[in-house]
$ cat structure31.pdb   # PDB, C-alpha atoms and all ligand atoms
ATOM      1  CA  MET E   1       0.000   0.000   0.000
ATOM      2  CA  ARG E   2       1.583   3.290  -1.050
ATOM      3  CA  ASP E   3      -0.691   5.636   0.877
ATOM      4  CA  GLY E   4       0.489   4.470   4.312
ATOM      5  CA  LYS E   5      -0.122   7.632   6.315
ATOM      6  CA  LYS E   6      -3.642   8.100   5.033
ATOM      7  CA  ALA E   7      -4.505   4.499   5.837
ATOM      8  CA  VAL E   8      -3.306   4.784   9.435
ATOM      9  CA  ASN E   9      -4.205   8.249  10.722
ATOM     10  CA  VAL E  10      -7.651   9.760  11.172
ATOM     11  CA  VAL E  11      -8.452  13.490  11.104
ATOM     12  CA  LEU E  12     -11.676  14.770  12.657
ATOM     13  CA  THR E  13     -13.007  18.051  11.345
ATOM     14  CA  GLY E  14     -16.360  19.844  11.481
ATOM     15  CA  PHE E  15     -17.919  22.844  13.160
ATOM     16  CA  MET E  16     -17.530  23.885  16.801
ATOM     17  CA  GLY E  17     -19.616  21.702  19.096
ATOM     18  CA  ALA E  18     -19.796  18.792  16.658
ATOM     19  CA  GLY E  19     -17.996  16.576  19.190
ATOM     20  CA  LYS E  20     -14.529  16.395  17.626
ATOM     21  CA  THR E  21     -12.567  16.317  20.880
ATOM     22  CA  ALA E  22     -14.764  13.887  22.836
ATOM     23  CA  VAL E  23     -15.232  11.603  19.828
ATOM     24  CA  GLY E  24     -11.554  11.878  18.841
ATOM     25  CA  ARG E  25     -10.380  10.755  22.254
ATOM     26  CA  ALA E  26     -12.844   7.830  22.374
ATOM     27  CA  LEU E  27     -12.068   6.838  18.772
ATOM     28  CA  ALA E  28      -8.332   6.816  19.491
ATOM     29  CA  THR E  29      -8.918   4.470  22.431
ATOM     30  CA  ALA E  30     -11.193   2.232  20.354
ATOM     31  CA  LEU E  31      -8.651   2.007  17.513
ATOM     32  CA  GLY E  32      -5.582   1.742  19.758
ATOM     33  CA  LEU E  33      -4.165   4.988  18.293
ATOM     34  CA  GLY E  34      -2.688   8.108  19.903
ATOM     35  CA  PHE E  35      -4.782  11.262  20.194
ATOM     36  CA  LEU E  36      -3.914  14.857  19.386
ATOM     37  CA  ASP E  37      -6.206  17.874  19.619
ATOM     38  CA  THR E  38      -4.677  20.797  17.711
ATOM     39  CA  ASP E  39      -6.300  23.476  19.902
ATOM     40  CA  ALA E  40      -5.030  21.774  23.055
ATOM     41  CA  ALA E  41      -1.550  21.413  21.498
ATOM     42  CA  ILE E  42      -1.543  25.112  20.550
ATOM     43  CA  GLU E  43      -2.482  26.074  24.118
ATOM     44  CA  ARG E  44       0.144  23.738  25.567
ATOM     45  CA  GLU E  45       2.927  24.972  23.295
ATOM     46  CA  SER E  46       2.151  28.685  23.583
ATOM     47  CA  GLY E  47       1.145  28.722  27.229
ATOM     48  CA  LEU E  48      -1.850  30.831  26.154
ATOM     49  CA  THR E  49      -5.533  30.041  25.781
ATOM     50  CA  ILE E  50      -7.111  30.175  22.319
ATOM     51  CA  LYS E  51      -9.114  33.119  23.628
ATOM     52  CA  ASP E  52      -5.899  34.963  24.608
ATOM     53  CA  ILE E  53      -4.310  34.283  21.211
ATOM     54  CA  PHE E  54      -7.347  35.782  19.458
ATOM     55  CA  ALA E  55      -7.351  38.730  21.887
ATOM     56  CA  ASN E  56      -3.614  39.436  21.433
ATOM     57  CA  GLY E  57      -3.064  38.778  17.744
ATOM     58  CA  GLY E  58      -6.496  38.424  16.184
ATOM     59  CA  GLU E  59      -7.861  35.516  14.187
ATOM     60  CA  GLU E  60      -5.054  35.672  11.565
ATOM     61  CA  ARG E  61      -2.389  35.111  14.240
ATOM     62  CA  PHE E  62      -4.347  32.104  15.511
ATOM     63  CA  ARG E  63      -4.715  30.742  11.935
ATOM     64  CA  ASP E  64      -0.938  31.061  11.411
ATOM     65  CA  ILE E  65      -0.216  29.090  14.583
ATOM     66  CA  GLU E  66      -2.843  26.516  13.590
ATOM     67  CA  SER E  67      -1.309  26.196  10.086
ATOM     68  CA  ASP E  68       2.138  25.721  11.615
ATOM     69  CA  ILE E  69       1.009  22.779  13.744
ATOM     70  CA  ILE E  70      -0.744  21.210  10.731
ATOM     71  CA  GLU E  71       2.453  21.597   8.686
ATOM     72  CA  ARG E  72       4.456  19.798  11.403
ATOM     73  CA  LEU E  73       1.787  17.121  11.598
ATOM     74  CA  SER E  74       1.945  16.494   7.870
ATOM     75  CA  ASP E  75       5.778  16.405   8.022
ATOM     76  CA  ASN E  76       5.399  13.558  10.555
ATOM     77  CA  LYS E  77       7.050  15.658  13.267
ATOM     78  CA  LEU E  78       4.226  15.027  15.740
ATOM     79  CA  GLY E  79       4.117  11.261  15.297
ATOM     80  CA  SER E  80       1.851   8.894  13.452
ATOM     81  CA  GLY E  81      -0.768   6.321  14.339
ATOM     82  CA  LEU E  82      -2.912   9.236  15.461
ATOM     83  CA  VAL E  83      -6.487  10.408  15.656
ATOM     84  CA  VAL E  84      -6.261  14.193  15.284
ATOM     85  CA  SER E  85      -9.096  16.584  16.146
ATOM     86  CA  VAL E  86      -8.602  19.941  14.464
ATOM     87  CA  GLY E  87     -10.327  23.216  15.333
ATOM     88  CA  GLY E  88     -13.451  23.954  13.309
ATOM     89  CA  GLY E  89     -11.747  26.569  11.147
ATOM     90  CA  ALA E  90      -8.571  24.617  10.364
ATOM     91  CA  VAL E  91      -9.881  23.530   6.973
ATOM     92  CA  ILE E  92     -10.563  27.102   5.798
ATOM     93  CA  ARG E  93      -7.036  27.415   4.393
ATOM     94  CA  GLU E  94      -6.475  25.308   1.320
ATOM     95  CA  VAL E  95      -2.902  24.475   2.286
ATOM     96  CA  ASN E  96      -4.170  22.980   5.569
ATOM     97  CA  ARG E  97      -6.824  20.951   3.752
ATOM     98  CA  LYS E  98      -4.223  19.476   1.421
ATOM     99  CA  ARG E  99      -1.888  18.614   4.276
ATOM    100  CA  LEU E 100      -4.629  17.080   6.422
ATOM    101  CA  LYS E 101      -5.953  15.037   3.505
ATOM    102  CA  GLY E 102      -2.465  13.674   2.924
ATOM    103  CA  PHE E 103      -2.071  12.871   6.599
ATOM    104  CA  GLY E 104      -5.165  10.826   7.295
ATOM    105  CA  CYS E 105      -8.682   9.720   6.478
ATOM    106  CA  MET E 106     -10.871  12.808   6.784
ATOM    107  CA  VAL E 107     -13.947  12.442   8.992
ATOM    108  CA  CYS E 108     -16.383  15.343   9.324
ATOM    109  CA  LEU E 109     -18.757  15.596  12.281
ATOM    110  CA  SER E 110     -21.795  17.858  12.119
ATOM    111  CA  ALA E 111     -24.754  18.835  14.305
ATOM    112  CA  SER E 112     -27.881  20.939  13.819
ATOM    113  CA  VAL E 113     -27.653  24.652  14.643
ATOM    114  CA  ASP E 114     -29.898  24.199  17.722
ATOM    115  CA  GLU E 115     -27.775  21.356  19.016
ATOM    116  CA  THR E 116     -24.565  23.282  18.270
ATOM    117  CA  LEU E 117     -25.881  26.222  20.294
ATOM    118  CA  ARG E 118     -26.880  23.915  23.126
ATOM    119  CA  ARG E 119     -23.436  22.301  23.208
ATOM    120  CA  VAL E 120     -21.353  25.482  22.973
ATOM    121  CA  GLY E 121     -23.827  27.684  24.854
ATOM    122  CA  SER E 122     -22.530  27.653  28.394
ATOM    123  CA  LYS E 123     -18.847  27.580  27.463
ATOM    124  CA  LYS E 124     -17.093  30.885  27.013
ATOM    125  CA  ASN E 125     -13.902  29.507  25.486
ATOM    126  CA  ARG E 126     -14.726  30.092  21.813
ATOM    127  CA  PRO E 127     -13.816  33.622  20.754
ATOM    128  CA  LEU E 128     -15.892  33.469  17.556
ATOM    129  CA  LEU E 129     -19.035  32.709  19.598
ATOM    130  CA  SER E 130     -18.631  34.843  22.676
ATOM    131  CA  GLN E 131     -21.744  36.961  22.064
ATOM    132  CA  SER E 132     -25.419  36.652  22.977
ATOM    133  CA  GLU E 133     -27.272  33.498  21.942
ATOM    134  CA  ALA E 134     -29.063  35.331  19.098
ATOM    135  CA  ALA E 135     -25.788  36.727  17.740
ATOM    136  CA  SER E 136     -24.100  33.338  18.115
ATOM    137  CA  ARG E 137     -26.901  31.714  16.108
ATOM    138  CA  GLU E 138     -26.333  34.214  13.297
ATOM    139  CA  THR E 139     -22.578  33.620  13.382
ATOM    140  CA  ILE E 140     -23.036  29.849  13.360
ATOM    141  CA  GLU E 141     -25.405  30.015  10.383
ATOM    142  CA  ALA E 142     -23.112  32.339   8.429
ATOM    143  CA  LEU E 143     -19.939  30.332   9.140
ATOM    144  CA  LEU E 144     -21.677  27.039   8.361
ATOM    145  CA  LYS E 145     -22.844  28.365   5.004
ATOM    146  CA  GLU E 146     -19.309  29.454   4.190
ATOM    147  CA  ARG E 147     -17.623  26.254   5.386
ATOM    148  CA  GLU E 148     -20.208  23.666   4.332
ATOM    149  CA  PRO E 149     -18.488  22.758   1.010
ATOM    150  CA  VAL E 150     -15.144  22.037   2.666
ATOM    151  CA  TYR E 151     -16.727  20.098   5.519
ATOM    152  CA  GLN E 152     -18.611  17.954   3.008
ATOM    153  CA  ASP E 153     -15.421  17.164   1.094
ATOM    154  CA  CYS E 154     -14.359  14.401   3.512
ATOM    155  CA  ASP E 155     -14.064  10.612   3.289
ATOM    156  CA  VAL E 156     -16.730  10.145   5.985
ATOM    157  CA  CYS E 157     -19.459  12.545   7.231
ATOM    158  CA  ILE E 158     -21.506  11.834  10.373
ATOM    159  CA  ASP E 159     -24.384  13.887  11.794
ATOM    160  CA  THR E 160     -23.915  13.646  15.568
ATOM    161  CA  THR E 161     -27.047  15.638  16.533
ATOM    162  CA  SER E 162     -28.893  12.800  18.237
ATOM    163  CA  LEU E 163     -26.037  10.366  18.811
ATOM    164  CA  THR E 164     -23.937   9.565  21.867
ATOM    165  CA  VAL E 165     -20.133   9.668  21.641
ATOM    166  CA  LYS E 166     -20.126   5.856  21.704
ATOM    167  CA  GLU E 167     -22.585   5.659  18.815
ATOM    168  CA  VAL E 168     -20.568   8.142  16.758
ATOM    169  CA  VAL E 169     -17.398   6.116  17.367
ATOM    170  CA  GLU E 170     -19.103   2.898  16.223
ATOM    171  CA  ARG E 171     -20.338   4.578  13.037
ATOM    172  CA  ILE E 172     -16.936   6.035  12.250
ATOM    173  CA  LYS E 173     -15.273   2.654  12.793
ATOM    174  CA  ASP E 174     -17.674   0.978  10.359
ATOM    175  CA  ARG E 175     -17.288   3.665   7.727
ATOM    176  CA  LEU E 176     -13.498   3.818   8.088
ATOM    177  CA  GLN E 177     -13.283   0.103   7.507
ATOM    178  CA  ALA E 178     -15.034   0.556   4.165
ATOM    179  CA  VAL E 179     -12.894   3.563   3.201
ATOM    180  CA  ARG E 180      -9.699   1.718   4.084
ATOM    181  CA  GLU E 181     -10.683  -1.334   2.085
ATOM    182  CA  GLY E 182     -11.215   1.010  -0.862
ATOM    183  CA  LEU E 183      -7.853   2.684  -0.262
ATOM    184  CA  ILE E 184      -6.038  -0.620  -0.040
ATOM    185  CA  ASN E 185      -7.753  -1.942  -3.174
ATOM    186  CA  SER E 186      -6.991   1.212  -5.125
ATOM    187  CA  HIS E 187      -3.293   0.851  -4.326
ATOM    188  CA  LEU E 188      -2.852  -2.840  -4.994
TER     189      LEU E 188
HETATM  190  C1  LIG B   1     -12.750  27.711  15.657
HETATM  191  C2  LIG B   1     -13.002  26.568  16.358
HETATM  192  C3  LIG B   1     -12.398  26.278  17.674
HETATM  193  C4  LIG B   1     -11.052  26.996  17.811
HETATM  194  C5  LIG B   1     -11.186  28.448  17.515
HETATM  195  C6  LIG B   1     -11.760  28.725  16.113
HETATM  196  C7  LIG B   1     -13.443  27.926  14.351
HETATM  197  O1  LIG B   1     -12.199  24.883  17.822
HETATM  198  O2  LIG B   1     -10.099  26.426  16.948
HETATM  199  O3  LIG B   1     -12.007  28.999  18.504
HETATM  200  O4  LIG B   1     -13.010  28.811  13.587
HETATM  201  O5  LIG B   1     -14.415  27.207  14.066
HETATM  202  P1  LIG B   1     -13.417  23.822  18.069
HETATM  203  O6  LIG B   1     -14.005  23.537  16.725
HETATM  204  O7  LIG B   1     -12.725  22.645  18.650
HETATM  205  O8  LIG B   1     -14.364  24.478  18.990
END
$ encode --input "structure31.pdb" --output "structure tokens"
Amino acid sequence: MRDGKKAVNVVLTGFMGAGKTAVGRALATALGLGFLDTDAAIERESGLTIKDIFANGGEERFRDIESDIIERLSDNKLGSGLVVSVGGGAVIREVNRKRLKGFGCMVCLSASVDETLRRVGSKKNRPLLSQSEAASRETIEALLKEREPVYQDCDVCIDTTSLTVKEVVERIKDRLQAVREGLINSHL
């Protein structure tokens, strides 16, 4: 099989509140892989919260730091045999999309706008959604419209709205199996 990295690693993308971190951690355990959350790695490395990075340098500064970690990931500098959860906006930049697609099977998680609001509602750690609920709803709808095409362009897409973490993990495992069989066959 030529496409070794893609067959081993898994990348979870999708909008804020879709469950990437919780599902990523559980999926890594279920598959016997390591787990890396890019937002958590950025906070660990910089010693700053995502909120602080946005406050100090704006969204562009955060995107540059995010792109840097994705570049290192794709250069195999952060290890392999990984499930990686990336922040919801990581796939906005084309260069990141290319690198992530080369690194692993792309899995997109989604949830309805109501469920997204419910999940992110009480947490104040997302700078793009730190307004009133009505304003957050508008932001979510606008960002989803903009990002929808790139979220859809994944190997596997799962709507997590009414599913538990365990159920999402089971579905991803089943779908990954099929994708990997296809990958292996296409490289024989
Ligand atoms: C963002 C999503 C966040 C975080 C940052 C920006 C986005 O990650 O990277 O606040 O642009 O959608 P989660 O998707 O893990 O909340």
$ axis_aligned_box --input "structure31.pdb" --around "ligand LIG 1 (chain B)" --padding-each-side "4 Å" --output "JSON"
{"center_x": -12.3, "center_y": 25.8, "center_z": 16.3, "size_x": 12.3, "size_y": 14.4, "size_z": 13.4}
$ closest_residue --input "structure31.pdb" --among "E:Glu138, E:Glu94, E:Asp75, E:Glu60" --to "ligand LIG 1 (chain B)" --atoms "all atoms listed in the file"
E:Glu60
$ residues_near_point --input "structure31.pdb" --point "(-4.7, 10.6, 12.7)" --cutoff "8 Å" --atoms "all atoms listed in the file" --output "ChimeraX atom specification"
/E:8-11,33-36,80-84,103-105
$ resolve_selection --input "structure31.pdb" --expression "the PyMOL selection byres (((chain E and resi 128) around 12) and not hetatm)" --output "CSV table (one decimal) with C-alpha atoms, in the frame of the given file"
chain,number,residue,atom,x,y,z
E,15,PHE,CA,-17.9,22.8,13.2
E,16,MET,CA,-17.5,23.9,16.8
E,50,ILE,CA,-7.1,30.2,22.3
E,51,LYS,CA,-9.1,33.1,23.6
E,54,PHE,CA,-7.3,35.8,19.5
E,55,ALA,CA,-7.4,38.7,21.9
E,58,GLY,CA,-6.5,38.4,16.2
E,59,GLU,CA,-7.9,35.5,14.2
E,62,PHE,CA,-4.3,32.1,15.5
E,87,GLY,CA,-10.3,23.2,15.3
E,88,GLY,CA,-13.5,24.0,13.3
E,89,GLY,CA,-11.7,26.6,11.1
E,120,VAL,CA,-21.4,25.5,23.0
E,123,LYS,CA,-18.8,27.6,27.5
E,124,LYS,CA,-17.1,30.9,27.0
E,125,ASN,CA,-13.9,29.5,25.5
E,126,ARG,CA,-14.7,30.1,21.8
E,127,PRO,CA,-13.8,33.6,20.8
E,129,LEU,CA,-19.0,32.7,19.6
E,130,SER,CA,-18.6,34.8,22.7
E,131,GLN,CA,-21.7,37.0,22.1
E,132,SER,CA,-25.4,36.7,23.0
E,135,ALA,CA,-25.8,36.7,17.7
E,136,SER,CA,-24.1,33.3,18.1
E,137,ARG,CA,-26.9,31.7,16.1
E,138,GLU,CA,-26.3,34.2,13.3
E,139,THR,CA,-22.6,33.6,13.4
E,140,ILE,CA,-23.0,29.8,13.4
E,142,ALA,CA,-23.1,32.3,8.4
E,143,LEU,CA,-19.9,30.3,9.1
$ closest_residue --input "structure31.pdb" --among "E:Ile42, E:Ala111, E:Leu27, E:Leu12" --to "E:Val156" --atoms "only C-alpha atoms"
E:Leu12
$ build_atoms --input "structure31.pdb" --residues "stretch 73-90 of chain E" --atoms "N, CA, C and O atoms" --output "PDB file, keeping the file's coordinate frame"
ATOM      1  N   LEU E  73       2.517  18.394  11.589  1.00  0.00           N
ATOM      2  CA  LEU E  73       1.787  17.121  11.598  1.00  0.00           C
ATOM      3  C   LEU E  73       2.015  16.397  10.266  1.00  0.00           C
ATOM      4  O   LEU E  73       2.350  15.213  10.230  1.00  0.00           O
ATOM      5  N   SER E  74       1.848  17.134   9.182  1.00  0.00           N
ATOM      6  CA  SER E  74       1.945  16.494   7.870  1.00  0.00           C
ATOM      7  C   SER E  74       3.392  16.129   7.539  1.00  0.00           C
ATOM      8  O   SER E  74       3.642  15.244   6.731  1.00  0.00           O
ATOM      9  N   ASP E  75       4.361  16.780   8.190  1.00  0.00           N
ATOM     10  CA  ASP E  75       5.778  16.405   8.022  1.00  0.00           C
ATOM     11  C   ASP E  75       6.162  15.265   8.968  1.00  0.00           C
ATOM     12  O   ASP E  75       7.353  14.969   9.128  1.00  0.00           O
ATOM     13  N   ASN E  76       5.168  14.676   9.627  1.00  0.00           N
ATOM     14  CA  ASN E  76       5.399  13.558  10.555  1.00  0.00           C
ATOM     15  C   ASN E  76       6.202  13.938  11.790  1.00  0.00           C
ATOM     16  O   ASN E  76       6.777  13.072  12.441  1.00  0.00           O
ATOM     17  N   LYS E  77       6.243  15.230  12.115  1.00  0.00           N
ATOM     18  CA  LYS E  77       7.050  15.658  13.267  1.00  0.00           C
ATOM     19  C   LYS E  77       6.299  15.481  14.588  1.00  0.00           C
ATOM     20  O   LYS E  77       6.857  15.643  15.661  1.00  0.00           O
ATOM     21  N   LEU E  78       5.013  15.190  14.504  1.00  0.00           N
ATOM     22  CA  LEU E  78       4.226  15.027  15.740  1.00  0.00           C
ATOM     23  C   LEU E  78       3.793  13.575  15.932  1.00  0.00           C
ATOM     24  O   LEU E  78       2.945  13.285  16.762  1.00  0.00           O
ATOM     25  N   GLY E  79       4.399  12.688  15.149  1.00  0.00           N
ATOM     26  CA  GLY E  79       4.117  11.261  15.297  1.00  0.00           C
ATOM     27  C   GLY E  79       3.108  10.761  14.283  1.00  0.00           C
ATOM     28  O   GLY E  79       2.575  11.529  13.482  1.00  0.00           O
ATOM     29  N   SER E  80       2.881   9.460  14.329  1.00  0.00           N
ATOM     30  CA  SER E  80       1.851   8.894  13.452  1.00  0.00           C
ATOM     31  C   SER E  80       1.105   7.824  14.235  1.00  0.00           C
ATOM     32  O   SER E  80       1.423   7.561  15.395  1.00  0.00           O
ATOM     33  N   GLY E  81       0.115   7.208  13.598  1.00  0.00           N
ATOM     34  CA  GLY E  81      -0.768   6.321  14.339  1.00  0.00           C
ATOM     35  C   GLY E  81      -1.633   7.182  15.241  1.00  0.00           C
ATOM     36  O   GLY E  81      -1.783   6.923  16.428  1.00  0.00           O
ATOM     37  N   LEU E  82      -2.195   8.242  14.654  1.00  0.00           N
ATOM     38  CA  LEU E  82      -2.912   9.236  15.461  1.00  0.00           C
ATOM     39  C   LEU E  82      -4.342   9.479  14.986  1.00  0.00           C
ATOM     40  O   LEU E  82      -4.622   9.428  13.788  1.00  0.00           O
ATOM     41  N   VAL E  83      -5.216   9.757  15.953  1.00  0.00           N
ATOM     42  CA  VAL E  83      -6.487  10.408  15.656  1.00  0.00           C
ATOM     43  C   VAL E  83      -6.255  11.875  16.015  1.00  0.00           C
ATOM     44  O   VAL E  83      -5.832  12.182  17.129  1.00  0.00           O
ATOM     45  N   VAL E  84      -6.505  12.767  15.061  1.00  0.00           N
ATOM     46  CA  VAL E  84      -6.261  14.193  15.284  1.00  0.00           C
ATOM     47  C   VAL E  84      -7.573  14.958  15.171  1.00  0.00           C
ATOM     48  O   VAL E  84      -8.261  14.872  14.154  1.00  0.00           O
ATOM     49  N   SER E  85      -7.926  15.698  16.221  1.00  0.00           N
ATOM     50  CA  SER E  85      -9.096  16.584  16.146  1.00  0.00           C
ATOM     51  C   SER E  85      -8.585  17.984  15.870  1.00  0.00           C
ATOM     52  O   SER E  85      -7.758  18.494  16.628  1.00  0.00           O
ATOM     53  N   VAL E  86      -9.054  18.578  14.777  1.00  0.00           N
ATOM     54  CA  VAL E  86      -8.602  19.941  14.464  1.00  0.00           C
ATOM     55  C   VAL E  86      -9.708  20.932  14.799  1.00  0.00           C
ATOM     56  O   VAL E  86     -10.888  20.577  14.799  1.00  0.00           O
ATOM     57  N   GLY E  87      -9.335  22.174  15.064  1.00  0.00           N
ATOM     58  CA  GLY E  87     -10.327  23.216  15.333  1.00  0.00           C
ATOM     59  C   GLY E  87     -11.232  23.384  14.119  1.00  0.00           C
ATOM     60  O   GLY E  87     -10.826  23.102  12.981  1.00  0.00           O
ATOM     61  N   GLY E  88     -12.442  23.872  14.367  1.00  0.00           N
ATOM     62  CA  GLY E  88     -13.451  23.954  13.309  1.00  0.00           C
ATOM     63  C   GLY E  88     -13.069  24.785  12.100  1.00  0.00           C
ATOM     64  O   GLY E  88     -13.607  24.592  11.009  1.00  0.00           O
ATOM     65  N   GLY E  89     -12.110  25.711  12.275  1.00  0.00           N
ATOM     66  CA  GLY E  89     -11.747  26.569  11.147  1.00  0.00           C
ATOM     67  C   GLY E  89     -10.461  26.140  10.455  1.00  0.00           C
ATOM     68  O   GLY E  89     -10.006  26.799   9.525  1.00  0.00           O
ATOM     69  N   ALA E  90      -9.878  25.033  10.907  1.00  0.00           N
ATOM     70  CA  ALA E  90      -8.571  24.617  10.364  1.00  0.00           C
ATOM     71  C   ALA E  90      -8.625  24.322   8.872  1.00  0.00           C
ATOM     72  O   ALA E  90      -7.634  24.495   8.168  1.00  0.00           O
TER      73      ALA E  90
END
